[in-house]
Structure formats: structure tokens, C-alpha cells
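Visitor: Pasting in a structure now, in C-alpha cells, and then I'll have a few things to ask.
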Amino acid sequence: MLGMTEVRWKDQGDININSGDYRMIYLGGHETQCGVTLLLDKQTSQAKVEVDCCSGRLMVVRWCRTPVDLLVVVVYMPTSDHLDEEVEELYERIEEKLATCKGKHYLLVLGDINATVEEEKILNVVGNYGLGKRNTRGEMLVDFCMRNNLMITNLLLKKGTLGKYQETKGDCSWTISSSGRGIRQV
């Protein structure tokens, strides 16, 4: 499973790639710098899913499974060029989607959160392996995780400095989940 952001496509779609080996669910935005995509392998793509295309920055995909449902949120948070209110609105929309979950579920948030979270460990939210100084968007991310009992999972594993960030500006693509179990370094 791979969440991609800023794909720069318009419209939305659900297509099979490479003779059905992969499934790509995508949602474009009005702006060409938006767009989110979820790429699934053959086994994962064969399961029945519910797709909620919220905006060019947010898509929610739910697998109804036993014993727990899997809810995957792919999000592209606004950059620092946008107002903090826009970021808060997107966090609120994600929380609204979480509120619709009935029963047990496992949550995975993938995408570009555009936030910097430093090395300061916060129990069950931030691990020991952050980088840089936490910025305002990083505070918003940590607050969101604390309110929803989530952890930033790519800060649980030690990796080299280059493996921590995908951009040199210090903002990062984070992986957030409702459990640290099954986390592995890619």
C-alpha cells in the first residue's frame, strides 16, 4: 500500500495497472498541485473497499474486515504558504471521518503532513527519532495525534538522517497509525 500526494491530476478514478497487478484509486483537485492517490497491490486490491473522496487533499478508504476494519486516510496538508486555519479545517474533516467508525478499527494516515516534529519524545505519540525543531504545524500534528490516540510511527524506528525526511526543507511525509504493531522500515 502506497499513499501519494501532489499527483497533479484532475478528476477522480479507480484503475487497474499492469493487467490487474495493482489498483490505483486517485482523486485530483481543482489546483494542479493537489491530488491524492492510493496504490494497492493485487491481494489488497481484491478486497471490497469503500472510498470517500473528500477533496483534492483528502481521501478515506475503508476495508470492512474481521475482526477489525482498516481505515486508510491519504492526506496532503497545505504548505506554510496557506493559513493555519486551512490546516485545522482539514484535521477537523479527518476527525469527522474517524467519528463515523463503528466498532474496532485500525487507522493508518499516509501522506504529506507538511510539519516538522523534533526529537523530543512524547509518550505514545512521538518516538525518539525526530529531526529539526518542531514548528507550528508540528504542534498541530502532535495535538491531533494526542486527541485521537494516534502515534507518528516513522519516529519509532532509528534510521539515518536522510531516511527521516523526503524534503530538505524540514517538512516531512509522516505515517500515523492507531497502533505501532507491524511497523517496519521501508
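Chain identifiers are assigned as A, B, and so on, following the order in which chains appear in the C-alpha cells; residues are numbered from 1 within each chain, and ligands are numbered from 1 in order of appearance.
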As a list in words, please: the residues near Met77 of chain A (cut-off 9 Å, only C-alpha atoms, same-chain neighbours under 5 positions excluded).

Guide: Arg57, Leu58, Glu86, Val87, Leu90, Tyr91, Gly111, Asp112, Ile113, Asn114 and Ala115 of chain A

Visitor: Store the residues picked out above in a file with C-alpha atoms, as a PDB file, in the first residue's frame.

Guide:
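Wrote it out as again_19.pdb, contents follow:
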```pdb
ATOM      1  CA  ARG A  57      -6.293  16.945  -0.378  1.00  0.00           C
ATOM      2  CA  LEU A  58      -8.140  14.133   1.432  1.00  0.00           C
ATOM      3  CA  GLU A  86      -6.938  25.663   6.431  1.00  0.00           C
ATOM      4  CA  VAL A  87      -4.813  23.026   8.167  1.00  0.00           C
ATOM      5  CA  LEU A  90      -8.512  19.527   7.273  1.00  0.00           C
ATOM      6  CA  TYR A  91      -7.717  17.972  10.674  1.00  0.00           C
ATOM      7  CA  GLY A 111       0.673  11.447   3.051  1.00  0.00           C
ATOM      8  CA  ASP A 112       2.430  14.747   3.216  1.00  0.00           C
ATOM      9  CA  ILE A 113       1.567  16.430   6.506  1.00  0.00           C
ATOM     10  CA  ASN A 114       3.942  19.386   5.918  1.00  0.00           C
ATOM     11  CA  ALA A 115       5.012  19.524   9.562  1.00  0.00           C
TER      12      ALA A 115
END
```

Visitor: Contacts of segment 135-148 of chain A at 9 Å or less, counting only C-alpha atoms, minus same-chain residues fewer than 6 places along, as an MDAnalysis selection string?

Guide: chainID A and resid 80 84 87:88 91 95 98 113:118 122 124:126 171 176:178

Visitor: Write a file of the selected residues as a short mmCIF file (atom, residue, chain, number, x, y, z; two decimals), in the first residue's frame, keeping N, CA, C and O atoms.

Guide:
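Saved file part17.cif follows:
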```
data_model
loop_
_atom_site.label_atom_id
_atom_site.label_comp_id
_atom_site.auth_asym_id
_atom_site.auth_seq_id
_atom_site.Cartn_x
_atom_site.Cartn_y
_atom_site.Cartn_z
N SER A 80 3.16 25.81 4.16
CA SER A 80 3.23 27.02 5.00
C SER A 80 2.78 28.27 4.26
O SER A 80 2.58 29.32 4.88
N ASP A 84 -3.04 28.72 8.77
CA ASP A 84 -3.18 27.64 9.74
C ASP A 84 -4.63 27.17 9.83
O ASP A 84 -4.90 26.00 10.10
N VAL A 87 -5.34 24.27 7.62
CA VAL A 87 -4.81 23.03 8.17
C VAL A 87 -5.75 22.50 9.24
O VAL A 87 -6.09 21.31 9.25
N GLU A 88 -6.19 23.36 10.14
CA GLU A 88 -7.12 22.95 11.21
C GLU A 88 -8.41 22.40 10.62
O GLU A 88 -8.95 21.41 11.11
N TYR A 91 -7.76 18.87 9.51
CA TYR A 91 -7.72 17.97 10.67
C TYR A 91 -9.14 17.71 11.18
O TYR A 91 -9.48 16.57 11.54
N GLU A 95 -11.09 14.13 11.57
CA GLU A 95 -11.73 13.70 12.82
C GLU A 95 -13.20 13.37 12.60
O GLU A 95 -13.73 12.45 13.22
N LEU A 98 -13.21 9.93 11.26
CA LEU A 98 -12.91 8.97 12.33
C LEU A 98 -14.13 8.72 13.20
O LEU A 98 -14.35 7.60 13.68
N ILE A 113 2.19 15.66 5.44
CA ILE A 113 1.57 16.43 6.51
C ILE A 113 2.14 17.85 6.56
O ILE A 113 1.56 18.74 7.14
N ASN A 114 3.29 18.07 5.93
CA ASN A 114 3.94 19.39 5.92
C ASN A 114 4.13 19.93 7.33
O ASN A 114 3.72 21.04 7.65
N ALA A 115 4.75 19.14 8.17
CA ALA A 115 5.01 19.52 9.56
C ALA A 115 6.38 19.00 9.98
O ALA A 115 6.82 17.97 9.48
N THR A 116 7.02 19.69 10.91
CA THR A 116 8.29 19.26 11.46
C THR A 116 8.09 18.87 12.92
O THR A 116 7.57 19.67 13.70
N VAL A 117 8.47 17.65 13.26
CA VAL A 117 8.33 17.14 14.62
C VAL A 117 9.73 16.78 15.12
O VAL A 117 10.36 15.90 14.56
N GLU A 118 10.18 17.45 16.16
CA GLU A 118 11.55 17.26 16.64
C GLU A 118 11.74 15.97 17.42
O GLU A 118 10.81 15.19 17.59
N ILE A 122 7.32 12.20 23.02
CA ILE A 122 6.05 12.40 23.71
C ILE A 122 5.42 11.02 23.77
O ILE A 122 5.14 10.41 22.73
N ASN A 124 3.80 7.65 23.58
CA ASN A 124 2.79 7.06 22.71
C ASN A 124 2.36 7.94 21.55
O ASN A 124 1.36 7.64 20.90
N VAL A 125 3.08 9.03 21.26
CA VAL A 125 2.76 9.87 20.11
C VAL A 125 4.00 10.07 19.24
O VAL A 125 3.98 9.80 18.05
N VAL A 126 5.07 10.57 19.83
CA VAL A 126 6.30 10.87 19.11
C VAL A 126 7.42 10.00 19.67
O VAL A 126 7.63 9.98 20.88
N ASP A 171 10.11 19.86 6.34
CA ASP A 171 8.76 19.30 6.45
C ASP A 171 8.82 17.88 5.91
O ASP A 171 9.65 17.54 5.10
N ILE A 176 1.14 7.84 10.25
CA ILE A 176 0.49 7.92 11.55
C ILE A 176 -0.45 6.72 11.67
O ILE A 176 -1.14 6.38 10.71
N SER A 177 -0.46 6.08 12.83
CA SER A 177 -1.35 4.94 12.98
C SER A 177 -1.93 4.88 14.38
O SER A 177 -1.47 5.54 15.29
N SER A 178 -2.95 4.03 14.51
CA SER A 178 -3.59 3.83 15.81
C SER A 178 -2.86 2.77 16.62
O SER A 178 -3.23 2.50 17.75
#
```

Visitor: Give me the residues of segment 49-96 of chain A that have any atom at most 10 Å from an atom of segment 11-18 of chain A; for each, the nearest atom pair and the distance in Å, rounded to one decimal. Use only C-alpha atoms, sort by chain and number, and format it as JSON lines.

Guide:
```
{"residue": "A:Val51", "atom": "CA", "partner": "A:Asp14", "partner_atom": "CA", "distance": 9.7}
{"residue": "A:Cys53", "atom": "CA", "partner": "A:Gln12", "partner_atom": "CA", "distance": 8.1}
{"residue": "A:Gly56", "atom": "CA", "partner": "A:Asp11", "partner_atom": "CA", "distance": 8.8}
```

Visitor: Could you please write out, as a PyMOL selection string, every residue of segment 5-137 of chain A that DSSP assigns to helix (DSSP H, G or I)?

Guide: chain A and resi 42-45+84-99+136-137

Visitor: Put those residues in a file: N, CA, C and O atoms, as an mmCIF file, in the first residue's frame.

Guide:
```
data_model
loop_
_atom_site.group_PDB
_atom_site.id
_atom_site.type_symbol
_atom_site.label_atom_id
_atom_site.label_comp_id
_atom_site.auth_asym_id
_atom_site.auth_seq_id
_atom_site.Cartn_x
_atom_site.Cartn_y
_atom_site.Cartn_z
ATOM 1 N N LYS A 42 -1.968 -6.461 -5.724
ATOM 2 C CA LYS A 42 -3.041 -7.330 -6.225
ATOM 3 C C LYS A 42 -3.895 -7.911 -5.101
ATOM 4 O O LYS A 42 -5.116 -7.875 -5.156
ATOM 5 N N GLN A 43 -3.253 -8.442 -4.063
ATOM 6 C CA GLN A 43 -4.003 -9.065 -2.973
ATOM 7 C C GLN A 43 -4.870 -8.043 -2.245
ATOM 8 O O GLN A 43 -6.047 -8.294 -1.988
ATOM 9 N N THR A 44 -4.302 -6.904 -1.915
ATOM 10 C CA THR A 44 -5.047 -5.868 -1.196
ATOM 11 C C THR A 44 -6.157 -5.294 -2.063
ATOM 12 O O THR A 44 -7.236 -4.986 -1.575
ATOM 13 N N SER A 45 -5.909 -5.173 -3.353
ATOM 14 C CA SER A 45 -6.889 -4.544 -4.240
ATOM 15 C C SER A 45 -8.109 -5.411 -4.487
ATOM 16 O O SER A 45 -9.145 -4.922 -4.913
ATOM 17 N N ASP A 84 -3.036 28.725 8.772
ATOM 18 C CA ASP A 84 -3.183 27.638 9.744
ATOM 19 C C ASP A 84 -4.628 27.170 9.832
ATOM 20 O O ASP A 84 -4.895 25.995 10.103
ATOM 21 N N GLU A 85 -5.573 28.067 9.589
ATOM 22 C CA GLU A 85 -6.995 27.711 9.650
ATOM 23 C C GLU A 85 -7.330 26.629 8.626
ATOM 24 O O GLU A 85 -8.165 25.756 8.877
ATOM 25 N N GLU A 86 -6.698 26.681 7.452
ATOM 26 C CA GLU A 86 -6.938 25.663 6.431
ATOM 27 C C GLU A 86 -6.467 24.287 6.918
ATOM 28 O O GLU A 86 -7.116 23.274 6.670
ATOM 29 N N VAL A 87 -5.344 24.273 7.617
ATOM 30 C CA VAL A 87 -4.813 23.026 8.167
ATOM 31 C C VAL A 87 -5.751 22.495 9.245
ATOM 32 O O VAL A 87 -6.091 21.309 9.255
ATOM 33 N N GLU A 88 -6.190 23.364 10.145
ATOM 34 C CA GLU A 88 -7.122 22.953 11.213
ATOM 35 C C GLU A 88 -8.414 22.398 10.622
ATOM 36 O O GLU A 88 -8.950 21.413 11.115
ATOM 37 N N GLU A 89 -8.917 23.022 9.551
ATOM 38 C CA GLU A 89 -10.146 22.536 8.908
ATOM 39 C C GLU A 89 -9.944 21.126 8.365
ATOM 40 O O GLU A 89 -10.841 20.277 8.472
ATOM 41 N N LEU A 90 -8.780 20.863 7.799
ATOM 42 C CA LEU A 90 -8.512 19.527 7.273
ATOM 43 C C LEU A 90 -8.404 18.500 8.408
ATOM 44 O O LEU A 90 -8.942 17.394 8.295
ATOM 45 N N TYR A 91 -7.757 18.870 9.511
ATOM 46 C CA TYR A 91 -7.717 17.972 10.674
ATOM 47 C C TYR A 91 -9.139 17.705 11.182
ATOM 48 O O TYR A 91 -9.481 16.572 11.544
ATOM 49 N N GLU A 92 -9.987 18.726 11.204
ATOM 50 C CA GLU A 92 -11.379 18.546 11.646
ATOM 51 C C GLU A 92 -12.122 17.586 10.712
ATOM 52 O O GLU A 92 -12.891 16.738 11.183
ATOM 53 N N ARG A 93 -11.888 17.694 9.410
ATOM 54 C CA ARG A 93 -12.546 16.783 8.459
ATOM 55 C C ARG A 93 -12.100 15.341 8.687
ATOM 56 O O ARG A 93 -12.905 14.411 8.601
ATOM 57 N N ILE A 94 -10.820 15.164 8.980
ATOM 58 C CA ILE A 94 -10.322 13.810 9.267
ATOM 59 C C ILE A 94 -10.983 13.284 10.536
ATOM 60 O O ILE A 94 -11.432 12.129 10.583
ATOM 61 N N GLU A 95 -11.086 14.128 11.566
ATOM 62 C CA GLU A 95 -11.727 13.701 12.816
ATOM 63 C C GLU A 95 -13.195 13.373 12.604
ATOM 64 O O GLU A 95 -13.726 12.447 13.223
ATOM 65 N N GLU A 96 -13.882 14.092 11.722
ATOM 66 C CA GLU A 96 -15.275 13.767 11.392
ATOM 67 C C GLU A 96 -15.360 12.368 10.779
ATOM 68 O O GLU A 96 -16.274 11.600 11.089
ATOM 69 N N LYS A 97 -14.416 12.038 9.900
ATOM 70 C CA LYS A 97 -14.392 10.705 9.279
ATOM 71 C C LYS A 97 -14.109 9.630 10.321
ATOM 72 O O LYS A 97 -14.700 8.553 10.289
ATOM 73 N N LEU A 98 -13.213 9.927 11.259
ATOM 74 C CA LEU A 98 -12.909 8.966 12.329
ATOM 75 C C LEU A 98 -14.129 8.720 13.199
ATOM 76 O O LEU A 98 -14.346 7.602 13.682
ATOM 77 N N ALA A 99 -14.915 9.744 13.416
ATOM 78 C CA ALA A 99 -16.102 9.632 14.266
ATOM 79 C C ALA A 99 -17.150 8.693 13.657
ATOM 80 O O ALA A 99 -17.991 8.156 14.376
ATOM 81 N N THR A 136 5.029 25.218 14.091
ATOM 82 C CA THR A 136 3.607 25.356 14.437
ATOM 83 C C THR A 136 2.791 24.202 13.873
ATOM 84 O O THR A 136 1.928 23.644 14.552
ATOM 85 N N ARG A 137 3.071 23.826 12.638
ATOM 86 C CA ARG A 137 2.340 22.710 12.023
ATOM 87 C C ARG A 137 2.674 21.395 12.735
ATOM 88 O O ARG A 137 1.841 20.506 12.837
#
```

Visitor: So how far away is atom CA of Leu40 of chain A from atom CA of Tyr106 of chain A, in Å?

Guide: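 That distance, rounded to one decimal, is 17.2 Å.
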
Visitor: When distances are computed from only C-alpha atoms, which of A:Pro78, A:Gly20, A:Pro67, A:Gly3 shows the smallest separation from Gln46 of chain A?

Guide: A:Gly20

Visitor: Per DSSP on the backbone, filter segment 13-100 of chain A down to the residues in strand (DSSP E) and report them as a short mmCIF file (atom, residue, chain, number, x, y, z; two decimals) with all heavy atoms, in the first residue's frame.

Guide:
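In the end it all went to result_2.cif:
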```
data_model
loop_
_atom_site.label_atom_id
_atom_site.label_comp_id
_atom_site.auth_asym_id
_atom_site.auth_seq_id
_atom_site.Cartn_x
_atom_site.Cartn_y
_atom_site.Cartn_z
N GLY A 13 -10.65 8.67 -10.04
CA GLY A 13 -10.74 7.42 -10.77
C GLY A 13 -10.26 6.25 -9.95
O GLY A 13 -9.71 6.39 -8.87
N ASP A 14 -10.48 5.08 -10.51
CA ASP A 14 -10.11 3.82 -9.89
C ASP A 14 -9.69 2.92 -11.05
O ASP A 14 -10.55 2.47 -11.82
CB ASP A 14 -11.31 3.25 -9.14
CG ASP A 14 -10.97 2.04 -8.30
OD1 ASP A 14 -9.96 1.36 -8.58
OD2 ASP A 14 -11.74 1.74 -7.37
N ILE A 15 -8.40 2.70 -11.22
CA ILE A 15 -7.93 1.97 -12.39
C ILE A 15 -7.02 0.81 -12.00
O ILE A 15 -6.38 0.83 -10.96
CB ILE A 15 -7.17 2.90 -13.37
CG1 ILE A 15 -5.99 3.59 -12.68
CG2 ILE A 15 -8.10 3.93 -13.97
CD1 ILE A 15 -5.13 4.43 -13.61
N ASN A 16 -7.02 -0.22 -12.85
CA ASN A 16 -6.12 -1.35 -12.70
C ASN A 16 -4.89 -1.09 -13.56
O ASN A 16 -4.98 -0.59 -14.67
CB ASN A 16 -6.79 -2.65 -13.13
CG ASN A 16 -7.80 -3.12 -12.12
OD1 ASN A 16 -7.54 -3.08 -10.92
ND2 ASN A 16 -8.97 -3.53 -12.59
N ILE A 17 -3.73 -1.46 -13.01
CA ILE A 17 -2.46 -1.24 -13.70
C ILE A 17 -1.75 -2.58 -13.86
O ILE A 17 -1.83 -3.45 -12.97
CB ILE A 17 -1.58 -0.27 -12.88
CG1 ILE A 17 -2.31 1.05 -12.67
CG2 ILE A 17 -0.23 -0.06 -13.54
CD1 ILE A 17 -1.60 1.97 -11.71
N TYR A 22 -1.91 -4.19 -9.89
CA TYR A 22 -2.02 -3.04 -8.99
C TYR A 22 -3.33 -2.31 -9.25
O TYR A 22 -3.86 -2.35 -10.35
CB TYR A 22 -0.86 -2.05 -9.18
CG TYR A 22 0.48 -2.66 -8.90
CD1 TYR A 22 1.26 -3.18 -9.93
CD2 TYR A 22 0.96 -2.74 -7.59
CE1 TYR A 22 2.48 -3.76 -9.67
CE2 TYR A 22 2.19 -3.33 -7.33
CZ TYR A 22 2.94 -3.84 -8.37
OH TYR A 22 4.14 -4.41 -8.11
N ARG A 23 -3.81 -1.68 -8.22
CA ARG A 23 -5.02 -0.86 -8.33
C ARG A 23 -4.66 0.54 -7.82
O ARG A 23 -4.06 0.68 -6.77
CB ARG A 23 -6.13 -1.45 -7.46
CG ARG A 23 -7.40 -0.66 -7.45
CD ARG A 23 -8.43 -1.34 -6.57
NE ARG A 23 -9.67 -0.61 -6.51
CZ ARG A 23 -10.69 -0.91 -5.72
NH1 ARG A 23 -10.60 -1.97 -4.91
NH2 ARG A 23 -11.78 -0.19 -5.71
N MET A 24 -5.05 1.54 -8.59
CA MET A 24 -4.78 2.92 -8.20
C MET A 24 -6.11 3.66 -8.05
O MET A 24 -6.90 3.74 -8.99
CB MET A 24 -3.92 3.64 -9.24
CG MET A 24 -3.55 5.03 -8.79
SD MET A 24 -2.54 6.00 -9.92
CE MET A 24 -1.60 4.84 -10.80
N ILE A 25 -6.34 4.15 -6.82
CA ILE A 25 -7.52 4.96 -6.54
C ILE A 25 -7.00 6.39 -6.39
O ILE A 25 -6.12 6.64 -5.58
CB ILE A 25 -8.20 4.51 -5.23
CG1 ILE A 25 -8.56 3.02 -5.31
CG2 ILE A 25 -9.45 5.35 -4.96
CD1 ILE A 25 -8.97 2.42 -3.99
N TYR A 26 -7.51 7.30 -7.20
CA TYR A 26 -6.97 8.65 -7.17
C TYR A 26 -8.07 9.70 -7.13
O TYR A 26 -9.19 9.46 -7.54
CB TYR A 26 -6.02 8.90 -8.35
CG TYR A 26 -6.70 8.92 -9.70
CD1 TYR A 26 -7.16 10.11 -10.25
CD2 TYR A 26 -6.86 7.75 -10.43
CE1 TYR A 26 -7.78 10.13 -11.49
CE2 TYR A 26 -7.47 7.76 -11.67
CZ TYR A 26 -7.93 8.95 -12.20
OH TYR A 26 -8.54 8.97 -13.42
N LEU A 27 -7.68 10.84 -6.61
CA LEU A 27 -8.58 11.98 -6.51
C LEU A 27 -7.77 13.23 -6.78
O LEU A 27 -6.81 13.52 -6.07
CB LEU A 27 -9.20 12.05 -5.10
CG LEU A 27 -10.06 13.27 -4.79
CD1 LEU A 27 -11.27 13.32 -5.72
CD2 LEU A 27 -10.51 13.22 -3.34
N VAL A 36 -4.48 13.29 -4.39
CA VAL A 36 -4.02 12.19 -3.54
C VAL A 36 -4.33 10.87 -4.23
O VAL A 36 -5.32 10.76 -4.97
CB VAL A 36 -4.67 12.23 -2.13
CG1 VAL A 36 -4.16 13.43 -1.33
CG2 VAL A 36 -6.19 12.28 -2.21
N THR A 37 -3.48 9.88 -3.99
CA THR A 37 -3.61 8.58 -4.64
C THR A 37 -3.25 7.48 -3.66
O THR A 37 -2.36 7.64 -2.83
CB THR A 37 -2.63 8.50 -5.84
OG1 THR A 37 -2.96 9.52 -6.78
CG2 THR A 37 -2.71 7.15 -6.53
N LEU A 38 -3.94 6.36 -3.77
CA LEU A 38 -3.61 5.17 -3.00
C LEU A 38 -3.35 4.05 -4.00
O LEU A 38 -4.21 3.72 -4.83
CB LEU A 38 -4.74 4.79 -2.05
CG LEU A 38 -4.44 3.65 -1.09
CD1 LEU A 38 -3.29 4.02 -0.15
CD2 LEU A 38 -5.67 3.30 -0.27
N LEU A 39 -2.14 3.49 -3.96
CA LEU A 39 -1.75 2.40 -4.84
C LEU A 39 -1.76 1.11 -4.03
O LEU A 39 -1.15 1.03 -2.96
CB LEU A 39 -0.35 2.66 -5.41
CG LEU A 39 0.17 1.65 -6.41
CD1 LEU A 39 -0.67 1.65 -7.69
CD2 LEU A 39 1.63 1.95 -6.74
N LEU A 40 -2.46 0.10 -4.54
CA LEU A 40 -2.62 -1.17 -3.83
C LEU A 40 -2.05 -2.32 -4.65
O LEU A 40 -2.15 -2.31 -5.88
CB LEU A 40 -4.11 -1.44 -3.57
CG LEU A 40 -4.89 -0.33 -2.88
CD1 LEU A 40 -6.38 -0.63 -2.92
CD2 LEU A 40 -4.41 -0.15 -1.47
N ASP A 41 -1.50 -3.32 -3.97
CA ASP A 41 -1.03 -4.50 -4.67
C ASP A 41 -2.23 -5.39 -5.00
O ASP A 41 -3.36 -5.12 -4.61
CB ASP A 41 0.02 -5.24 -3.85
CG ASP A 41 -0.52 -5.84 -2.55
OD1 ASP A 41 -1.75 -5.87 -2.35
OD2 ASP A 41 0.30 -6.28 -1.73
N VAL A 49 -13.71 -2.43 -0.87
CA VAL A 49 -13.39 -1.20 -0.17
C VAL A 49 -14.48 -0.17 -0.40
O VAL A 49 -15.20 -0.21 -1.39
CB VAL A 49 -12.03 -0.61 -0.61
CG1 VAL A 49 -10.90 -1.55 -0.32
CG2 VAL A 49 -12.05 -0.22 -2.07
N GLU A 50 -14.59 0.74 0.57
CA GLU A 50 -15.44 1.92 0.43
C GLU A 50 -14.51 3.11 0.29
O GLU A 50 -13.61 3.29 1.11
CB GLU A 50 -16.31 2.10 1.67
CG GLU A 50 -17.25 0.96 1.96
CD GLU A 50 -17.91 1.08 3.32
OE1 GLU A 50 -17.80 2.16 3.96
OE2 GLU A 50 -18.52 0.10 3.76
N VAL A 51 -14.71 3.91 -0.74
CA VAL A 51 -13.85 5.06 -0.99
C VAL A 51 -14.66 6.33 -0.79
O VAL A 51 -15.73 6.50 -1.36
CB VAL A 51 -13.27 5.02 -2.42
CG1 VAL A 51 -12.38 6.23 -2.68
CG2 VAL A 51 -12.51 3.72 -2.66
N ASP A 52 -14.13 7.23 0.04
CA ASP A 52 -14.75 8.53 0.29
C ASP A 52 -13.79 9.60 -0.22
O ASP A 52 -12.76 9.86 0.39
CB ASP A 52 -15.00 8.70 1.79
CG ASP A 52 -15.82 9.93 2.11
OD1 ASP A 52 -16.10 10.74 1.19
OD2 ASP A 52 -16.18 10.10 3.28
N CYS A 53 -14.12 10.17 -1.36
CA CYS A 53 -13.29 11.22 -1.96
C CYS A 53 -13.75 12.56 -1.41
O CYS A 53 -14.77 13.10 -1.83
CB CYS A 53 -13.42 11.18 -3.47
SG CYS A 53 -12.83 9.64 -4.19
N CYS A 54 -13.03 13.07 -0.44
CA CYS A 54 -13.44 14.26 0.29
C CYS A 54 -13.05 15.55 -0.42
O CYS A 54 -13.83 16.48 -0.48
CB CYS A 54 -12.84 14.24 1.69
SG CYS A 54 -13.25 12.74 2.60
N SER A 55 -11.82 15.63 -0.89
CA SER A 55 -11.33 16.83 -1.57
C SER A 55 -10.03 16.46 -2.28
O SER A 55 -9.55 15.33 -2.14
CB SER A 55 -11.07 17.96 -0.56
OG SER A 55 -9.91 17.69 0.20
N LEU A 58 -7.75 15.14 0.45
CA LEU A 58 -8.14 14.13 1.43
C LEU A 58 -8.99 13.04 0.80
O LEU A 58 -10.00 13.31 0.15
CB LEU A 58 -8.92 14.81 2.57
CG LEU A 58 -9.46 13.92 3.68
CD1 LEU A 58 -8.32 13.26 4.44
CD2 LEU A 58 -10.33 14.74 4.63
N MET A 59 -8.55 11.80 1.02
CA MET A 59 -9.30 10.63 0.58
C MET A 59 -9.28 9.61 1.72
O MET A 59 -8.25 9.40 2.36
CB MET A 59 -8.65 10.02 -0.67
CG MET A 59 -9.31 8.75 -1.14
SD MET A 59 -8.73 8.16 -2.76
CE MET A 59 -6.97 8.15 -2.60
N VAL A 60 -10.42 8.97 1.96
CA VAL A 60 -10.54 7.97 3.02
C VAL A 60 -10.98 6.66 2.37
O VAL A 60 -11.97 6.63 1.64
CB VAL A 60 -11.55 8.40 4.10
CG1 VAL A 60 -11.69 7.35 5.17
CG2 VAL A 60 -11.16 9.75 4.69
N VAL A 61 -10.23 5.59 2.64
CA VAL A 61 -10.54 4.27 2.09
C VAL A 61 -10.72 3.31 3.25
O VAL A 61 -9.88 3.25 4.15
CB VAL A 61 -9.43 3.78 1.14
CG1 VAL A 61 -9.79 2.42 0.55
CG2 VAL A 61 -9.18 4.79 0.03
N ARG A 62 -11.84 2.58 3.25
CA ARG A 62 -12.16 1.67 4.36
C ARG A 62 -12.33 0.25 3.84
O ARG A 62 -13.05 0.00 2.89
CB ARG A 62 -13.46 2.12 5.03
CG ARG A 62 -13.89 1.26 6.19
CD ARG A 62 -15.28 1.63 6.72
NE ARG A 62 -15.56 3.03 6.68
CZ ARG A 62 -15.54 3.84 7.76
NH1 ARG A 62 -15.26 3.34 8.93
NH2 ARG A 62 -15.84 5.11 7.64
N TRP A 63 -11.61 -0.65 4.51
CA TRP A 63 -11.77 -2.08 4.27
C TRP A 63 -12.59 -2.62 5.43
O TRP A 63 -12.18 -2.51 6.58
CB TRP A 63 -10.42 -2.81 4.26
CG TRP A 63 -9.64 -2.67 3.01
CD1 TRP A 63 -9.57 -3.58 1.99
CD2 TRP A 63 -8.79 -1.59 2.64
NE1 TRP A 63 -8.74 -3.11 1.01
CE2 TRP A 63 -8.24 -1.89 1.38
CE3 TRP A 63 -8.45 -0.37 3.24
CZ2 TRP A 63 -7.37 -1.04 0.72
CZ3 TRP A 63 -7.58 0.47 2.59
CH2 TRP A 63 -7.05 0.14 1.34
N ASP A 69 -11.89 -3.33 11.19
CA ASP A 69 -11.86 -2.63 9.91
C ASP A 69 -10.52 -1.91 9.77
O ASP A 69 -9.88 -1.56 10.77
CB ASP A 69 -12.97 -1.58 9.84
CG ASP A 69 -14.36 -2.19 9.76
OD1 ASP A 69 -14.46 -3.41 9.57
OD2 ASP A 69 -15.33 -1.43 9.89
N LEU A 70 -10.10 -1.70 8.56
CA LEU A 70 -8.90 -0.90 8.27
C LEU A 70 -9.36 0.39 7.60
O LEU A 70 -10.08 0.35 6.60
CB LEU A 70 -7.94 -1.66 7.36
CG LEU A 70 -6.74 -0.86 6.85
CD1 LEU A 70 -5.85 -0.41 8.01
CD2 LEU A 70 -5.95 -1.67 5.84
N LEU A 71 -8.97 1.50 8.17
CA LEU A 71 -9.30 2.80 7.62
C LEU A 71 -7.99 3.48 7.22
O LEU A 71 -7.11 3.66 8.06
CB LEU A 71 -10.02 3.64 8.68
CG LEU A 71 -10.58 4.97 8.24
CD1 LEU A 71 -11.76 4.76 7.29
CD2 LEU A 71 -11.03 5.77 9.46
N VAL A 72 -7.84 3.80 5.94
CA VAL A 72 -6.65 4.46 5.43
C VAL A 72 -7.03 5.85 4.97
O VAL A 72 -7.94 6.02 4.16
CB VAL A 72 -6.01 3.67 4.28
CG1 VAL A 72 -4.80 4.42 3.71
CG2 VAL A 72 -5.59 2.28 4.74
N VAL A 73 -6.33 6.84 5.52
CA VAL A 73 -6.54 8.24 5.15
C VAL A 73 -5.31 8.68 4.38
O VAL A 73 -4.19 8.54 4.87
CB VAL A 73 -6.72 9.12 6.41
CG1 VAL A 73 -6.83 10.58 6.04
CG2 VAL A 73 -7.94 8.67 7.20
N VAL A 74 -5.51 9.19 3.18
CA VAL A 74 -4.41 9.76 2.41
C VAL A 74 -4.65 11.26 2.38
O VAL A 74 -5.71 11.72 1.95
CB VAL A 74 -4.33 9.20 0.98
CG1 VAL A 74 -3.12 9.75 0.25
CG2 VAL A 74 -4.31 7.68 0.99
N VAL A 75 -3.67 12.03 2.87
CA VAL A 75 -3.86 13.46 3.04
C VAL A 75 -2.65 14.24 2.53
O VAL A 75 -1.51 13.79 2.66
CB VAL A 75 -4.15 13.81 4.52
CG1 VAL A 75 -3.00 13.45 5.42
CG2 VAL A 75 -4.53 15.28 4.67
N TYR A 76 -2.93 15.37 1.92
CA TYR A 76 -1.89 16.31 1.51
C TYR A 76 -2.23 17.63 2.20
O TYR A 76 -3.10 18.38 1.77
CB TYR A 76 -1.87 16.46 0.00
CG TYR A 76 -0.93 17.54 -0.49
CD1 TYR A 76 0.37 17.64 0.00
CD2 TYR A 76 -1.32 18.44 -1.47
CE1 TYR A 76 1.23 18.63 -0.45
CE2 TYR A 76 -0.46 19.43 -1.92
CZ TYR A 76 0.81 19.51 -1.41
OH TYR A 76 1.66 20.49 -1.86
#
```

Visitor: Expressed in Å to a single decimal, how great is the separation between atom CA of Gly35 of chain A and atom CA of Arg8 of chain A?

Guide: 5.6 Å

Visitor: So how far away is atom CA of Gly132 of chain A from atom CA of Val7 of chain A, in Å?

Guide: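 For atom CA of Val7 of chain A relative to atom CA of Gly132 of chain A, the distance reads 26.7 Å.
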